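Raw protein-v5.cif, mmCIF, C-alpha atoms:
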```cif
data_target
#
loop_
_atom_site.group_PDB
_atom_site.id
_atom_site.type_symbol
_atom_site.label_atom_id
_atom_site.label_comp_id
_atom_site.auth_asym_id
_atom_site.auth_seq_id
_atom_site.Cartn_x
_atom_site.Cartn_y
_atom_site.Cartn_z
ATOM 1 C CA MET A 336 0.529 -0.311 5.823
ATOM 2 C CA LYS A 337 -3.150 0.483 6.481
ATOM 3 C CA TYR A 338 -6.173 0.806 4.218
ATOM 4 C CA THR A 339 -9.974 0.581 4.253
ATOM 5 C CA ASN A 340 -12.355 -1.082 1.800
ATOM 6 C CA SER A 341 -16.149 -0.980 1.702
ATOM 7 C CA ILE A 342 -19.004 -2.406 -0.321
ATOM 8 C CA GLU A 343 -22.783 -2.354 -0.149
ATOM 9 C CA ILE A 344 -24.580 -5.693 -0.343
ATOM 10 C CA ALA A 345 -28.252 -5.928 -1.297
ATOM 11 C CA LEU A 346 -29.210 -8.203 1.608
ATOM 12 C CA PRO A 347 -30.237 -7.583 5.237
ATOM 13 C CA ARG A 348 -27.339 -7.228 7.693
ATOM 14 C CA GLU A 349 -28.300 -10.376 9.604
ATOM 15 C CA ARG A 350 -28.169 -12.512 6.428
ATOM 16 C CA VAL A 351 -24.811 -11.022 5.387
ATOM 17 C CA ALA A 352 -23.367 -11.743 8.849
ATOM 18 C CA GLN A 353 -24.597 -15.342 8.748
ATOM 19 C CA LEU A 354 -23.144 -15.931 5.278
ATOM 20 C CA LEU A 355 -19.776 -14.436 6.253
ATOM 21 C CA ALA A 356 -19.617 -16.547 9.417
ATOM 22 C CA ASP A 357 -20.465 -19.883 7.751
ATOM 23 C CA PRO A 358 -17.252 -21.829 6.965
ATOM 24 C CA ALA A 359 -19.029 -23.923 4.326
ATOM 25 C CA HIS A 360 -19.307 -20.809 2.152
ATOM 26 C CA LEU A 361 -15.659 -19.668 2.323
ATOM 27 C CA PRO A 362 -14.443 -21.587 -0.779
ATOM 28 C CA MET A 363 -17.313 -20.107 -2.800
ATOM 29 C CA TRP A 364 -16.166 -16.498 -2.425
ATOM 30 C CA LEU A 365 -12.665 -16.447 -0.906
ATOM 31 C CA ARG A 366 -10.627 -16.674 -4.094
ATOM 32 C CA ASP A 367 -7.419 -18.738 -3.900
ATOM 33 C CA LEU A 368 -8.330 -20.358 -0.557
ATOM 34 C CA VAL A 369 -6.668 -23.755 -0.223
ATOM 35 C CA VAL A 370 -7.354 -24.566 3.450
ATOM 36 C CA HIS A 371 -9.210 -22.903 6.325
ATOM 37 C CA GLU A 372 -9.373 -25.254 9.289
ATOM 38 C CA PRO A 373 -9.710 -24.600 13.024
ATOM 39 C CA LEU A 374 -6.704 -25.600 15.103
ATOM 40 C CA ASN A 375 -8.715 -25.046 18.276
ATOM 41 C CA GLY A 376 -12.192 -23.748 18.983
ATOM 42 C CA VAL A 377 -15.170 -23.477 16.661
ATOM 43 C CA HIS A 378 -14.845 -21.783 13.278
ATOM 44 C CA GLY A 379 -15.614 -18.066 13.536
ATOM 45 C CA GLU A 380 -16.057 -18.025 17.317
ATOM 46 C CA LEU A 381 -14.119 -15.631 19.542
ATOM 47 C CA GLY A 382 -10.627 -16.934 20.330
ATOM 48 C CA THR A 383 -10.618 -19.644 17.661
ATOM 49 C CA GLU A 384 -7.304 -20.170 15.901
ATOM 50 C CA SER A 385 -7.387 -21.523 12.352
ATOM 51 C CA ARG A 386 -4.783 -22.644 9.852
ATOM 52 C CA VAL A 387 -5.274 -20.729 6.611
ATOM 53 C CA VAL A 388 -3.487 -21.505 3.341
ATOM 54 C CA MET A 389 -3.892 -19.174 0.357
ATOM 55 C CA ARG A 390 -2.455 -19.684 -3.132
ATOM 56 C CA SER A 391 -0.970 -16.878 -5.173
ATOM 57 C CA GLY A 392 0.202 -18.138 -8.539
ATOM 58 C CA LYS A 393 2.439 -21.110 -7.730
ATOM 59 C CA GLN A 394 3.168 -19.893 -4.210
ATOM 60 C CA GLU A 395 1.242 -20.889 -1.093
ATOM 61 C CA LEU A 396 1.112 -18.725 2.014
ATOM 62 C CA GLU A 397 0.273 -20.398 5.307
ATOM 63 C CA CYS A 398 -0.938 -18.327 8.251
ATOM 64 C CA VAL A 399 -2.673 -18.669 11.588
ATOM 65 C CA GLU A 400 -5.844 -16.610 11.979
ATOM 66 C CA THR A 401 -7.205 -15.782 15.438
ATOM 67 C CA ILE A 402 -10.708 -14.371 15.916
ATOM 68 C CA THR A 403 -10.223 -11.423 18.279
ATOM 69 C CA ARG A 404 -13.743 -9.939 18.187
ATOM 70 C CA ARG A 405 -17.192 -11.170 17.194
ATOM 71 C CA GLU A 406 -20.116 -9.036 18.284
ATOM 72 C CA PRO A 407 -22.800 -9.981 18.727
ATOM 73 C CA ALA A 408 -21.871 -13.601 19.405
ATOM 74 C CA ASP A 409 -25.311 -14.804 18.244
ATOM 75 C CA LEU A 410 -25.951 -13.812 14.628
ATOM 76 C CA ARG A 411 -29.644 -14.710 14.740
ATOM 77 C CA ALA A 412 -32.124 -11.980 15.627
ATOM 78 C CA ILE A 413 -29.538 -9.172 15.706
ATOM 79 C CA PRO A 414 -31.169 -6.111 17.292
ATOM 80 C CA GLU A 415 -31.974 -3.271 14.906
ATOM 81 C CA GLY A 416 -29.248 -0.642 14.736
ATOM 82 C CA THR A 417 -26.564 -3.005 16.058
ATOM 83 C CA VAL A 418 -23.226 -2.901 14.252
ATOM 84 C CA VAL A 419 -21.813 -6.387 13.684
ATOM 85 C CA HIS A 420 -18.048 -6.687 14.268
ATOM 86 C CA PHE A 421 -15.669 -9.414 13.085
ATOM 87 C CA ASP A 422 -11.984 -8.828 13.903
ATOM 88 C CA ARG A 423 -9.128 -11.208 13.273
ATOM 89 C CA GLU A 424 -5.374 -11.295 13.596
ATOM 90 C CA ILE A 425 -3.380 -13.138 10.940
ATOM 91 C CA VAL A 426 0.237 -14.208 11.445
ATOM 92 C CA GLY A 427 2.456 -15.834 8.826
ATOM 93 C CA ALA A 428 6.123 -16.025 7.905
ATOM 94 C CA GLY A 429 7.395 -12.442 7.966
ATOM 95 C CA MET A 430 3.877 -10.989 8.215
ATOM 96 C CA TRP A 431 1.389 -9.800 10.818
ATOM 97 C CA SER A 432 -2.033 -8.453 9.918
ATOM 98 C CA VAL A 433 -5.231 -7.382 11.597
ATOM 99 C CA VAL A 434 -8.576 -7.013 9.843
ATOM 100 C CA ARG A 435 -11.529 -5.225 11.446
ATOM 101 C CA ASP A 436 -14.825 -5.816 9.647
ATOM 102 C CA SER A 437 -18.084 -4.071 10.470
ATOM 103 C CA LEU A 438 -21.557 -4.594 9.044
ATOM 104 C CA THR A 439 -24.125 -1.807 9.355
ATOM 105 C CA GLU A 440 -27.649 -1.461 8.074
ATOM 106 C CA ALA A 441 -27.722 0.603 4.886
ATOM 107 C CA GLY A 442 -31.477 0.128 4.489
ATOM 108 C CA PRO A 443 -34.063 -2.588 5.139
ATOM 109 C CA GLU A 444 -32.563 -4.853 2.471
ATOM 110 C CA ALA A 445 -29.001 -3.500 2.313
ATOM 111 C CA THR A 446 -25.796 -3.841 4.331
ATOM 112 C CA LEU A 447 -22.634 -1.754 4.309
ATOM 113 C CA TRP A 448 -19.521 -3.887 4.855
ATOM 114 C CA GLU A 449 -16.482 -1.859 5.899
ATOM 115 C CA SER A 450 -13.102 -3.518 6.348
ATOM 116 C CA GLU A 451 -10.007 -1.925 7.881
ATOM 117 C CA SER A 452 -6.752 -3.780 7.209
ATOM 118 C CA GLU A 453 -3.333 -3.249 8.733
ATOM 119 C CA TYR A 454 -0.166 -5.115 7.746
ATOM 120 C CA ARG A 455 3.307 -5.242 9.238
ATOM 121 C CA PHE A 456 6.184 -7.120 7.660
ATOM 122 C CA SER A 457 9.397 -8.414 9.186
ATOM 123 C CA GLY A 458 10.666 -10.488 6.275
ATOM 124 C CA LEU A 459 12.733 -8.757 3.604
ATOM 125 C CA LEU A 460 10.751 -10.241 0.698
ATOM 126 C CA MET A 461 7.356 -9.207 2.088
ATOM 127 C CA ARG A 462 8.666 -5.719 2.946
ATOM 128 C CA LEU A 463 9.868 -5.362 -0.618
ATOM 129 C CA VAL A 464 6.534 -6.547 -2.062
ATOM 130 C CA ALA A 465 4.656 -4.092 0.188
ATOM 131 C CA LEU A 466 6.974 -1.261 -0.815
ATOM 132 C CA LEU A 467 6.812 -1.967 -4.560
ATOM 133 C CA MET A 468 3.135 -2.933 -4.793
ATOM 134 C CA PRO A 469 1.192 -1.425 -1.870
ATOM 135 C CA GLY A 470 -1.997 -1.233 -3.940
ATOM 136 C CA ALA A 471 -1.964 -4.992 -4.549
ATOM 137 C CA PHE A 472 -3.086 -5.732 -0.978
ATOM 138 C CA HIS A 473 -5.889 -3.154 -1.132
ATOM 139 C CA LYS A 474 -6.999 -4.436 -4.543
ATOM 140 C CA GLN A 475 -7.030 -8.078 -3.381
ATOM 141 C CA SER A 476 -9.140 -7.174 -0.340
ATOM 142 C CA GLN A 477 -11.628 -5.318 -2.542
ATOM 143 C CA ARG A 478 -11.814 -8.273 -4.919
ATOM 144 C CA HIS A 479 -12.626 -10.614 -2.018
ATOM 145 C CA MET A 480 -15.442 -8.267 -0.989
ATOM 146 C CA GLU A 481 -16.761 -8.097 -4.559
ATOM 147 C CA ASP A 482 -16.615 -11.898 -4.807
ATOM 148 C CA PHE A 483 -18.560 -12.191 -1.558
ATOM 149 C CA LYS A 484 -21.176 -9.719 -2.829
ATOM 150 C CA ALA A 485 -21.611 -11.760 -6.056
ATOM 151 C CA PHE A 486 -21.897 -14.950 -4.000
ATOM 152 C CA ALA A 487 -24.369 -13.480 -1.493
ATOM 153 C CA GLU A 488 -26.595 -11.686 -4.004
ATOM 154 C CA GLN A 489 -26.398 -14.017 -7.021
ATOM 155 C CA GLY A 490 -25.031 -17.336 -5.761
ATOM 156 C CA ARG A 491 -21.891 -16.958 -7.908
ATOM 157 C CA ASP A 492 -19.072 -19.346 -6.958
ATOM 158 C CA VAL A 493 -15.478 -18.243 -7.722
ATOM 159 C CA ARG A 494 -14.435 -21.872 -8.190
ATOM 160 C CA GLU A 495 -16.563 -22.033 -11.342
ATOM 161 C CA GLU A 496 -14.389 -19.302 -12.909
ATOM 162 C CA ARG A 497 -11.260 -21.438 -12.721
ATOM 163 C CA GLY A 498 -12.365 -23.588 -15.662
#
```
So, in terms of C-alpha cells, how does the structure I just supplied come out?
Amino acid sequence: MKYTNSIEIALPRERVAQLLADPAHLPMWLRDLVVHEPLNGVHGELGTESRVVMRSGKQELECVETITRREPADLRAIPEGTVVHFDREIVGAGMWSVVRDSLTEAGPEATLWESESEYRFSGLLMRLVALLMPGAFHKQSQRHMEDFKAFAEQGRDVREERG
C-alpha cells in the first residue's frame, strides 16, 4: 500500500525542518506517541535506530525506526532552493514501512511538506486491517501533518486535547 500526503506550513523551511527534527517536540504534535527513544545513535541523525511505541485505543504498537536519509545533515543555514529530505524505515510485528518526507520552499515564509508512505504487511491481522480500511493509514498520516502544522504555527499541543 502506497500513498502521499502534503500540507503547507506558514513558516520558513529551515524552521520547519528544525522543529520536525527536535525530539523534545514530538509529544506535542505526534498524537498517540507513548515512547520515542534512540536505541543507538543520536535522535534524528542518519543511521539512528529508535524504539517507537504508539497507542491506538487500548492497543500499543511497538516498532523500530531507522533514519535512512537526512539531507542536509546540518539544518542551520540551509542553502536557498535546497530540498530537505527525511526518510525512515519502520519495522514492527507483521509490518514494514518506509516514509519519505521532503520540505520545499513554498514562499519566503511558507514550506510545503510532502510525505510518501509505503506499507507492507506479513501478519494476517495487519493485512486484514489494510484491506478493510486502507484509508485509515492515509487519514492518520494527514492528521499527524495537520497536528504538526497547528503546533508549528500556533503552538498547539495535542496532549492538551486529551482532557
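Atom CA of Glu449 of chain A is found 15.6 Å from atom CA of Gly416 of chain A.
Each of A:Met336, A:Cys398, A:Ala412, A:Ala352 was checked against Met468 of chain A using all atoms listed in the file; the smallest atom-to-atom distance is that of A:Met336.
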Q.
Applying the PyMOL selection byres ((chain A and resi 477) around 12) to the file I just gave you, which residues come out? Please list them as JSON, numbers by chain.
A. {"A": [338, 339, 340, 341, 342, 343, 365, 366, 448, 449, 450, 451, 452, 470, 471, 472, 473, 474, 475, 476, 478, 479, 480, 481, 482, 483, 484]}
Q: Please identify all polymer residues within 12 Å of Arg423 of chain A, counting all atoms listed in the file, omitting same-chain residues fewer than 3 positions from it, and present them as JSON, numbers by chain.
A: {"A": [379, 380, 381, 382, 383, 384, 385, 398, 399, 400, 401, 402, 403, 404, 405, 420, 426, 431, 432, 433, 434, 435, 436, 437, 450, 451, 452, 453]}
May I have the residues from that selection written out with C-alpha atoms, as an mmCIF file, keeping the file's coordinate frame?
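Result file again-v7.cif:
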```cif
data_model
loop_
_atom_site.group_PDB
_atom_site.id
_atom_site.type_symbol
_atom_site.label_atom_id
_atom_site.label_comp_id
_atom_site.auth_asym_id
_atom_site.auth_seq_id
_atom_site.Cartn_x
_atom_site.Cartn_y
_atom_site.Cartn_z
ATOM 1 C CA GLY A 379 -15.614 -18.066 13.536
ATOM 2 C CA GLU A 380 -16.057 -18.025 17.317
ATOM 3 C CA LEU A 381 -14.119 -15.631 19.542
ATOM 4 C CA GLY A 382 -10.627 -16.934 20.330
ATOM 5 C CA THR A 383 -10.618 -19.644 17.661
ATOM 6 C CA GLU A 384 -7.304 -20.170 15.901
ATOM 7 C CA SER A 385 -7.387 -21.523 12.352
ATOM 8 C CA CYS A 398 -0.938 -18.327 8.251
ATOM 9 C CA VAL A 399 -2.673 -18.669 11.588
ATOM 10 C CA GLU A 400 -5.844 -16.610 11.979
ATOM 11 C CA THR A 401 -7.205 -15.782 15.438
ATOM 12 C CA ILE A 402 -10.708 -14.371 15.916
ATOM 13 C CA THR A 403 -10.223 -11.423 18.279
ATOM 14 C CA ARG A 404 -13.743 -9.939 18.187
ATOM 15 C CA ARG A 405 -17.192 -11.170 17.194
ATOM 16 C CA HIS A 420 -18.048 -6.687 14.268
ATOM 17 C CA VAL A 426 0.237 -14.208 11.445
ATOM 18 C CA TRP A 431 1.389 -9.800 10.818
ATOM 19 C CA SER A 432 -2.033 -8.453 9.918
ATOM 20 C CA VAL A 433 -5.231 -7.382 11.597
ATOM 21 C CA VAL A 434 -8.576 -7.013 9.843
ATOM 22 C CA ARG A 435 -11.529 -5.225 11.446
ATOM 23 C CA ASP A 436 -14.825 -5.816 9.647
ATOM 24 C CA SER A 437 -18.084 -4.071 10.470
ATOM 25 C CA SER A 450 -13.102 -3.518 6.348
ATOM 26 C CA GLU A 451 -10.007 -1.925 7.881
ATOM 27 C CA SER A 452 -6.752 -3.780 7.209
ATOM 28 C CA GLU A 453 -3.333 -3.249 8.733
#
```
Q) Got a sec to check which residues sit within 12 Å of (-21.0, -19.4, 6.9), counting only C-alpha atoms, and write them as a PyMOL selection string? A) chain A and resi 349-365+378-380+410+483+486-487
Please determine an axis-aligned box that encloses all atoms of segment 365-376 of chain A listed in the file, with 5 Å added on each side, and express its centre and edge lengths in Å to one decimal as AutoDock Vina command-line options.
```
--center_x -9.7 --center_y -21.0 --center_z 7.4 --size_x 16.0 --size_y 19.2 --size_z 33.1
```
Q) Hey, what's within 6 Å of Gly429 of chain A if we count all atoms listed in the file and toss same-chain stuff fewer than 6 positions away? As a PyMOL selection string, please? A) chain A and resi 456-458
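If you measure from each of A:Leu460, A:Val370, A:Ile413, A:Met389 to Met430 of chain A using all atoms listed in the file, the closest one turns out to be A:Leu460.
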Q: Work out how far atom CA of Val493 of chain A is from atom CA of Glu440 of chain A, in Å to one decimal.
A: 26.1 Å
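Considering all atoms listed in the file, the residue among A:Arg455, A:Arg411, A:Arg494, A:Arg390 positioned nearest to Pro347 of chain A is A:Arg411.
If you look at atom CA of Leu447 of chain A and atom CA of Ala485 of chain A, they are 14.4 Å away from each other.
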Supply segment 354-365 of chain A as an mmCIF file, in the frame of the given file, with all heavy atoms built in where the input has gaps.
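Contents of rebuild_24.cif, freshly written:
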```cif
data_model
loop_
_atom_site.group_PDB
_atom_site.id
_atom_site.type_symbol
_atom_site.label_atom_id
_atom_site.label_comp_id
_atom_site.auth_asym_id
_atom_site.auth_seq_id
_atom_site.Cartn_x
_atom_site.Cartn_y
_atom_site.Cartn_z
ATOM 1 N N LEU A 354 -23.901 -15.399 6.415
ATOM 2 C CA LEU A 354 -23.144 -15.931 5.278
ATOM 3 C C LEU A 354 -21.635 -15.792 5.485
ATOM 4 O O LEU A 354 -20.871 -16.719 5.182
ATOM 5 C CB LEU A 354 -23.552 -15.225 3.980
ATOM 6 C CG LEU A 354 -24.929 -15.585 3.421
ATOM 7 C CD1 LEU A 354 -25.290 -14.645 2.276
ATOM 8 C CD2 LEU A 354 -24.977 -17.036 2.970
ATOM 9 N N LEU A 355 -21.204 -14.647 5.998
ATOM 10 C CA LEU A 355 -19.776 -14.436 6.253
ATOM 11 C C LEU A 355 -19.242 -15.399 7.312
ATOM 12 O O LEU A 355 -18.102 -15.846 7.225
ATOM 13 C CB LEU A 355 -19.522 -12.999 6.719
ATOM 14 C CG LEU A 355 -19.350 -11.946 5.650
ATOM 15 C CD1 LEU A 355 -19.300 -10.559 6.278
ATOM 16 C CD2 LEU A 355 -18.111 -12.196 4.815
ATOM 17 N N ALA A 356 -20.059 -15.720 8.296
ATOM 18 C CA ALA A 356 -19.617 -16.547 9.417
ATOM 19 C C ALA A 356 -19.647 -18.042 9.114
ATOM 20 O O ALA A 356 -19.056 -18.827 9.857
ATOM 21 C CB ALA A 356 -20.487 -16.260 10.643
ATOM 22 N N ASP A 357 -20.302 -18.456 8.047
ATOM 23 C CA ASP A 357 -20.465 -19.883 7.751
ATOM 24 C C ASP A 357 -19.253 -20.420 6.991
ATOM 25 O O ASP A 357 -19.014 -20.051 5.839
ATOM 26 C CB ASP A 357 -21.735 -20.098 6.925
ATOM 27 C CG ASP A 357 -22.082 -21.566 6.748
ATOM 28 O OD1 ASP A 357 -21.185 -22.434 6.905
ATOM 29 O OD2 ASP A 357 -23.252 -21.856 6.442
ATOM 30 N N PRO A 358 -18.466 -21.323 7.612
ATOM 31 C CA PRO A 358 -17.252 -21.829 6.965
ATOM 32 C C PRO A 358 -17.527 -22.605 5.682
ATOM 33 O O PRO A 358 -16.665 -22.664 4.804
ATOM 34 C CB PRO A 358 -16.626 -22.733 8.027
ATOM 35 C CG PRO A 358 -17.765 -23.133 8.910
ATOM 36 C CD PRO A 358 -18.702 -21.950 8.917
ATOM 37 N N ALA A 359 -18.707 -23.163 5.539
ATOM 38 C CA ALA A 359 -19.029 -23.923 4.326
ATOM 39 C C ALA A 359 -19.024 -23.027 3.090
ATOM 40 O O ALA A 359 -18.799 -23.503 1.974
ATOM 41 C CB ALA A 359 -20.395 -24.598 4.472
ATOM 42 N N HIS A 360 -19.239 -21.730 3.279
ATOM 43 C CA HIS A 360 -19.307 -20.809 2.152
ATOM 44 C C HIS A 360 -17.961 -20.217 1.754
ATOM 45 O O HIS A 360 -17.835 -19.660 0.663
ATOM 46 C CB HIS A 360 -20.275 -19.657 2.460
ATOM 47 C CG HIS A 360 -21.678 -20.107 2.681
ATOM 48 N ND1 HIS A 360 -22.364 -20.908 1.810
ATOM 49 C CD2 HIS A 360 -22.527 -19.860 3.700
ATOM 50 C CE1 HIS A 360 -23.573 -21.140 2.270
ATOM 51 N NE2 HIS A 360 -23.693 -20.516 3.419
ATOM 52 N N LEU A 361 -16.946 -20.308 2.604
ATOM 53 C CA LEU A 361 -15.659 -19.668 2.323
ATOM 54 C C LEU A 361 -15.087 -20.005 0.941
ATOM 55 O O LEU A 361 -14.688 -19.099 0.208
ATOM 56 C CB LEU A 361 -14.634 -20.009 3.406
ATOM 57 C CG LEU A 361 -14.786 -19.281 4.721
ATOM 58 C CD1 LEU A 361 -13.815 -19.850 5.752
ATOM 59 C CD2 LEU A 361 -14.573 -17.792 4.550
ATOM 60 N N PRO A 362 -15.039 -21.279 0.536
ATOM 61 C CA PRO A 362 -14.443 -21.587 -0.779
ATOM 62 C C PRO A 362 -15.228 -20.985 -1.948
ATOM 63 O O PRO A 362 -14.681 -20.824 -3.034
ATOM 64 C CB PRO A 362 -14.487 -23.121 -0.849
ATOM 65 C CG PRO A 362 -14.690 -23.578 0.550
ATOM 66 C CD PRO A 362 -15.420 -22.483 1.252
ATOM 67 N N MET A 363 -16.482 -20.633 -1.724
ATOM 68 C CA MET A 363 -17.313 -20.107 -2.800
ATOM 69 C C MET A 363 -17.008 -18.654 -3.130
ATOM 70 O O MET A 363 -17.307 -18.200 -4.224
ATOM 71 C CB MET A 363 -18.790 -20.273 -2.443
ATOM 72 C CG MET A 363 -19.204 -21.713 -2.317
ATOM 73 S SD MET A 363 -20.909 -21.812 -1.779
ATOM 74 C CE MET A 363 -20.911 -23.386 -0.954
ATOM 75 N N TRP A 364 -16.436 -17.918 -2.162
ATOM 76 C CA TRP A 364 -16.166 -16.498 -2.425
ATOM 77 C C TRP A 364 -14.745 -16.071 -2.088
ATOM 78 O O TRP A 364 -14.299 -15.032 -2.567
ATOM 79 C CB TRP A 364 -17.171 -15.606 -1.695
ATOM 80 C CG TRP A 364 -17.105 -15.675 -0.203
ATOM 81 C CD1 TRP A 364 -17.814 -16.506 0.606
ATOM 82 C CD2 TRP A 364 -16.292 -14.886 0.668
ATOM 83 N NE1 TRP A 364 -17.482 -16.285 1.922
ATOM 84 C CE2 TRP A 364 -16.559 -15.288 1.983
ATOM 85 C CE3 TRP A 364 -15.367 -13.860 0.440
ATOM 86 C CZ2 TRP A 364 -15.931 -14.717 3.080
ATOM 87 C CZ3 TRP A 364 -14.735 -13.281 1.534
ATOM 88 C CH2 TRP A 364 -15.034 -13.715 2.837
ATOM 89 N N LEU A 365 -14.028 -16.835 -1.281
ATOM 90 C CA LEU A 365 -12.665 -16.447 -0.906
ATOM 91 C C LEU A 365 -11.690 -17.043 -1.918
ATOM 92 O O LEU A 365 -11.219 -18.173 -1.787
ATOM 93 C CB LEU A 365 -12.350 -16.893 0.519
ATOM 94 C CG LEU A 365 -11.105 -16.297 1.149
ATOM 95 C CD1 LEU A 365 -11.111 -14.765 1.085
ATOM 96 C CD2 LEU A 365 -10.959 -16.758 2.579
#
```
